[in-house]
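Asks: A single structure is presented below for examination.
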Amino acid sequence: MPQRLLIVRHGVREDTGQKGWSKNATWPWDPALKEGCSEIDATALEIQRVCDVDVVVCSPFTRCLQTAAWILRELGPKGESAKLIVSRRFSEVFAIEHLFKDGATTWAHIKFTAWKQLWKRRAAALLPRRHVSFAPDPWPEFPEQKMDARITRYTSAVELYADQFPGKNILFVTHGDAVCASMRLVHDAVYDASSVACGAFVSLVRDLPESGDVKGGKWTLGPTHNVHIEQQRK
């Protein structure tokens with residue numbers, strides 16, 4: 001009984017190529033998708049070619065929520081029937097250089113705290129579904145080391161949800177570093193997020209016995225989309 005995972009990077013951010021955008025943004029660490037980022041259409045099409053999706057697990061960052069909503073819409077009735085979970089385990093790396101590009105001032109930290117408190121309201125507004133589950137996972141520790149997030153947080157989170165839904169195909173909508181981290185389940189190497197385009201994904205496959213026992217199931221790399229895995233960093 002095969003189980004397939006698809007780990008997708010969000011679409012193009014609205015601040016891409018916009019110098020100084022963060023200085024006037026309400027939540028500078030949480031840009032929305034860039035208007036007209038049609039790469040998600042191609043992503044949804046490729047996902048349909050790989051497998052049906054039973055469960056969707058999404059980062060609480062706006063660009064990921066919007067990407068998930070877009071993909072679910074493109075999947076049609078099959079997307080509508082998928083279980084939808086928002087999990088803070090799949091958040092952006094909680095490192096200063098990722099979140100506070102204009103400086104980690106006291107005011108920035110106050111705003112960041114307020115933003116975190118609004119995560120459920122934001123997710124419910126952006127995901128047009130009758131029911132969204134909010135996982136009780138905590139926020140990542142801050143500040144978080146980038147390598148720790150890749151190897152520890154993201155990889156363990158992927159395995160956690162895969163084991164929680166044995167035999168179910170799961171779509172994770174998250175960030176570039178999480179896509180890189182998921183490949184650690186197949187190859188013992190470290191990949192640079194620059195090798196993962198916006199809207200790109202990797203898929204992992206494992207065979208499980210009919211009992212659904214997850215012990216001993218070995219992951220192999222399935223189809224990928226816009227991921228140049230040969231660009232690995234030693």
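Following the order of the structure tokens, chains are lettered A, B, ..., residues in each are numbered from 1, and ligands are numbered from 1.
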Near segment 220-227 of chain A, counting only C-alpha atoms, which residues have an atom at most 8 Å away, once you skip same-chain residues fewer than 3 positions from it, shown as a ChimeraX atom specification?

Replies: /A:43,46,50,183,186,195-197,199-206

Asks: Apply DSSP to the backbone of this structure and, from segment 119-166 of chain A, keep only the residues in alpha helix (DSSP H); write these as a ChimeraX atom specification.

Replies: /A:119-126,146-148,155-164

Asks: What lies within 9 Å of segment 21-27 of chain A using only C-alpha atoms, ignoring chain neighbours under 5 positions off, as a ChimeraX atom specification?

Replies: /A:14-16,101-102,111-112,115

Asks: Pull all heavy atoms from the residues just selected and write them as a compact mmCIF listing (two decimals), in the first residue's frame.

Replies:
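Saved the output as selection_5.txt:
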```txt
# COMPACT_ATOMS: atom_id res chain seq x y z
N GLU A 14 4.87 38.69 -2.80
CA GLU A 14 4.59 40.01 -3.36
C GLU A 14 5.75 40.99 -3.21
O GLU A 14 5.81 41.99 -3.92
CB GLU A 14 3.34 40.62 -2.72
CG GLU A 14 3.47 40.98 -1.25
CD GLU A 14 2.25 41.71 -0.72
OE1 GLU A 14 1.62 42.47 -1.49
OE2 GLU A 14 1.92 41.50 0.46
N ASP A 15 6.68 40.69 -2.31
CA ASP A 15 7.82 41.59 -2.14
C ASP A 15 8.99 41.25 -3.06
O ASP A 15 10.03 41.92 -3.01
CB ASP A 15 8.29 41.60 -0.68
CG ASP A 15 8.75 40.22 -0.22
OD1 ASP A 15 8.36 39.22 -0.83
OD2 ASP A 15 9.49 40.15 0.79
N THR A 16 8.82 40.25 -3.92
CA THR A 16 9.89 39.86 -4.83
C THR A 16 10.23 41.01 -5.77
O THR A 16 9.37 41.52 -6.50
CB THR A 16 9.48 38.62 -5.65
OG1 THR A 16 9.18 37.55 -4.75
CG2 THR A 16 10.59 38.19 -6.59
N LYS A 101 14.31 41.61 8.38
CA LYS A 101 15.32 42.07 7.44
C LYS A 101 15.69 43.54 7.64
O LYS A 101 16.74 43.99 7.20
CB LYS A 101 14.86 41.81 6.01
CG LYS A 101 14.70 40.33 5.70
CD LYS A 101 14.27 40.08 4.28
CE LYS A 101 14.15 38.58 4.01
NZ LYS A 101 13.71 38.30 2.62
N ASP A 102 14.80 44.31 8.27
CA ASP A 102 15.08 45.73 8.55
C ASP A 102 15.53 45.96 9.98
O ASP A 102 15.58 47.09 10.46
CB ASP A 102 13.84 46.58 8.26
CG ASP A 102 13.49 46.60 6.78
OD1 ASP A 102 14.44 46.63 5.97
OD2 ASP A 102 12.30 46.57 6.43
N LYS A 111 5.09 43.80 17.31
CA LYS A 111 4.21 43.52 16.17
C LYS A 111 4.21 42.03 15.84
O LYS A 111 3.17 41.46 15.50
CB LYS A 111 4.65 44.33 14.96
CG LYS A 111 4.41 45.83 15.08
CD LYS A 111 4.90 46.57 13.86
CE LYS A 111 4.13 46.19 12.62
NZ LYS A 111 4.57 46.95 11.43
N PHE A 112 5.38 41.40 15.95
CA PHE A 112 5.48 39.97 15.65
C PHE A 112 4.66 39.15 16.63
O PHE A 112 3.98 38.19 16.25
CB PHE A 112 6.95 39.55 15.68
CG PHE A 112 7.19 38.14 15.23
CD1 PHE A 112 6.79 37.71 13.98
CD2 PHE A 112 7.84 37.24 16.06
CE1 PHE A 112 7.02 36.41 13.56
CE2 PHE A 112 8.09 35.94 15.66
CZ PHE A 112 7.69 35.52 14.40
N TRP A 115 1.06 39.51 15.64
CA TRP A 115 0.81 38.72 14.43
C TRP A 115 0.60 37.25 14.77
O TRP A 115 -0.30 36.59 14.25
CB TRP A 115 1.99 38.89 13.47
CG TRP A 115 1.94 38.03 12.25
CD1 TRP A 115 1.30 38.30 11.07
CD2 TRP A 115 2.58 36.76 12.07
NE1 TRP A 115 1.49 37.27 10.18
CE2 TRP A 115 2.28 36.32 10.77
CE3 TRP A 115 3.38 35.97 12.89
CZ2 TRP A 115 2.76 35.11 10.26
CZ3 TRP A 115 3.85 34.76 12.39
CH2 TRP A 115 3.53 34.35 11.09
```

Asks: Run DSSP on the backbone of this structure and report the residues of segment 149-226 of chain A it assigns to strand (DSSP E or B), as a list of chain:residue names.

Replies: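 Reading the DSSP output for segment 149-226 of chain A, strand (DSSP E or B) covers A:Ile170, A:Leu171, A:Phe172, A:Val173, A:Thr174, A:Val190, A:Tyr191, A:Val196, A:Ala197, A:Cys198, A:Gly199, A:Ala200, A:Phe201, A:Val202, A:Ser203, A:Leu204, A:Val205, A:Arg206, A:Asp207, A:Thr220, A:Leu221, A:Gly222, A:Pro223, A:Thr224, A:His225, A:Asn226.
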
Asks: Please list as a PyMOL selection string every residue within 6 Å of segment 88-95 of chain A, counting only C-alpha atoms and excluding residues in the same chain fewer than 5 positions away.

Replies: chain A and resi 59+137+139+142-144+174

Asks: Quick one: residues within 6 Å of Ala69 of chain A, only C-alpha atoms counted, chain neighbours fewer than 3 positions away excluded, as a list of chain:residue names?

Replies: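 Surrounding residues, per the criterion: A:Gln66, A:Leu72, A:Leu127.
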
Asks: Pick out the residues sitting within 10 Å of Cys198 of chain A, and hand them over as a PyMOL selection string; count only C-alpha atoms, and ignore anything fewer than 5 positions along from it in its own chain.

Replies: chain A and resi 8-13+37+39-40+43+175-176+226-227

Asks: Which distance in Å separates atom CA of Leu126 of chain A and atom CA of Lys146 of chain A, to one decimal?

Replies: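 Between atom CA of Leu126 of chain A and atom CA of Lys146 of chain A the gap is 27.5 Å.
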
Asks: With only C-alpha atoms as the atoms that count, which of A:Ser211, A:Gln117, A:Asn169, A:Thr67 lies nearest to Gln48 of chain A?

Replies: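 Selected residue with least distance to Gln48 of chain A: A:Asn169.
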
Asks: Counting only C-alpha atoms, figure out which residue out of A:Ala189, A:Ile151, A:Ala157, A:Ala44 gets nearest to Arg73 of chain A.

Replies: A:Ala44

Asks: Go ahead and compute the interatomic distance for atom CA of Leu33 of chain A and atom CA of Cys64 of chain A, in Å to one decimal.

Replies: 8.4 Å

Asks: Pick out the closest residue to Ala193 of chain A from this set: A:Ile110, A:Leu160, A:Met147, A:Ile85. Count only C-alpha atoms.

Replies: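 For Ala193 of chain A, the nearest of the given residues is A:Met147.
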
Asks: At a cut-off of 6 Å, using only C-alpha atoms, what residues contact Leu171 of chain A? Leave out same-chain residues fewer than 2 positions from it and give the result as a ChimeraX atom specification.

Replies: /A:5-6,56

Asks: For Asp52 of chain A, which residue among A:Pro77, A:Pro166, A:Gly20, A:Pro31 is the nearest when counting only C-alpha atoms?

Replies: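 Checking each of A:Pro77, A:Pro166, A:Gly20, A:Pro31 against Asp52 of chain A, counting only C-alpha atoms, the winner is A:Pro77.
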
Asks: My list of candidates is A:Val214, A:Val173, A:Ala108, A:Leu99. Which is closest to Asp30 of chain A when distances are computed with only C-alpha atoms?

Replies: A:Leu99
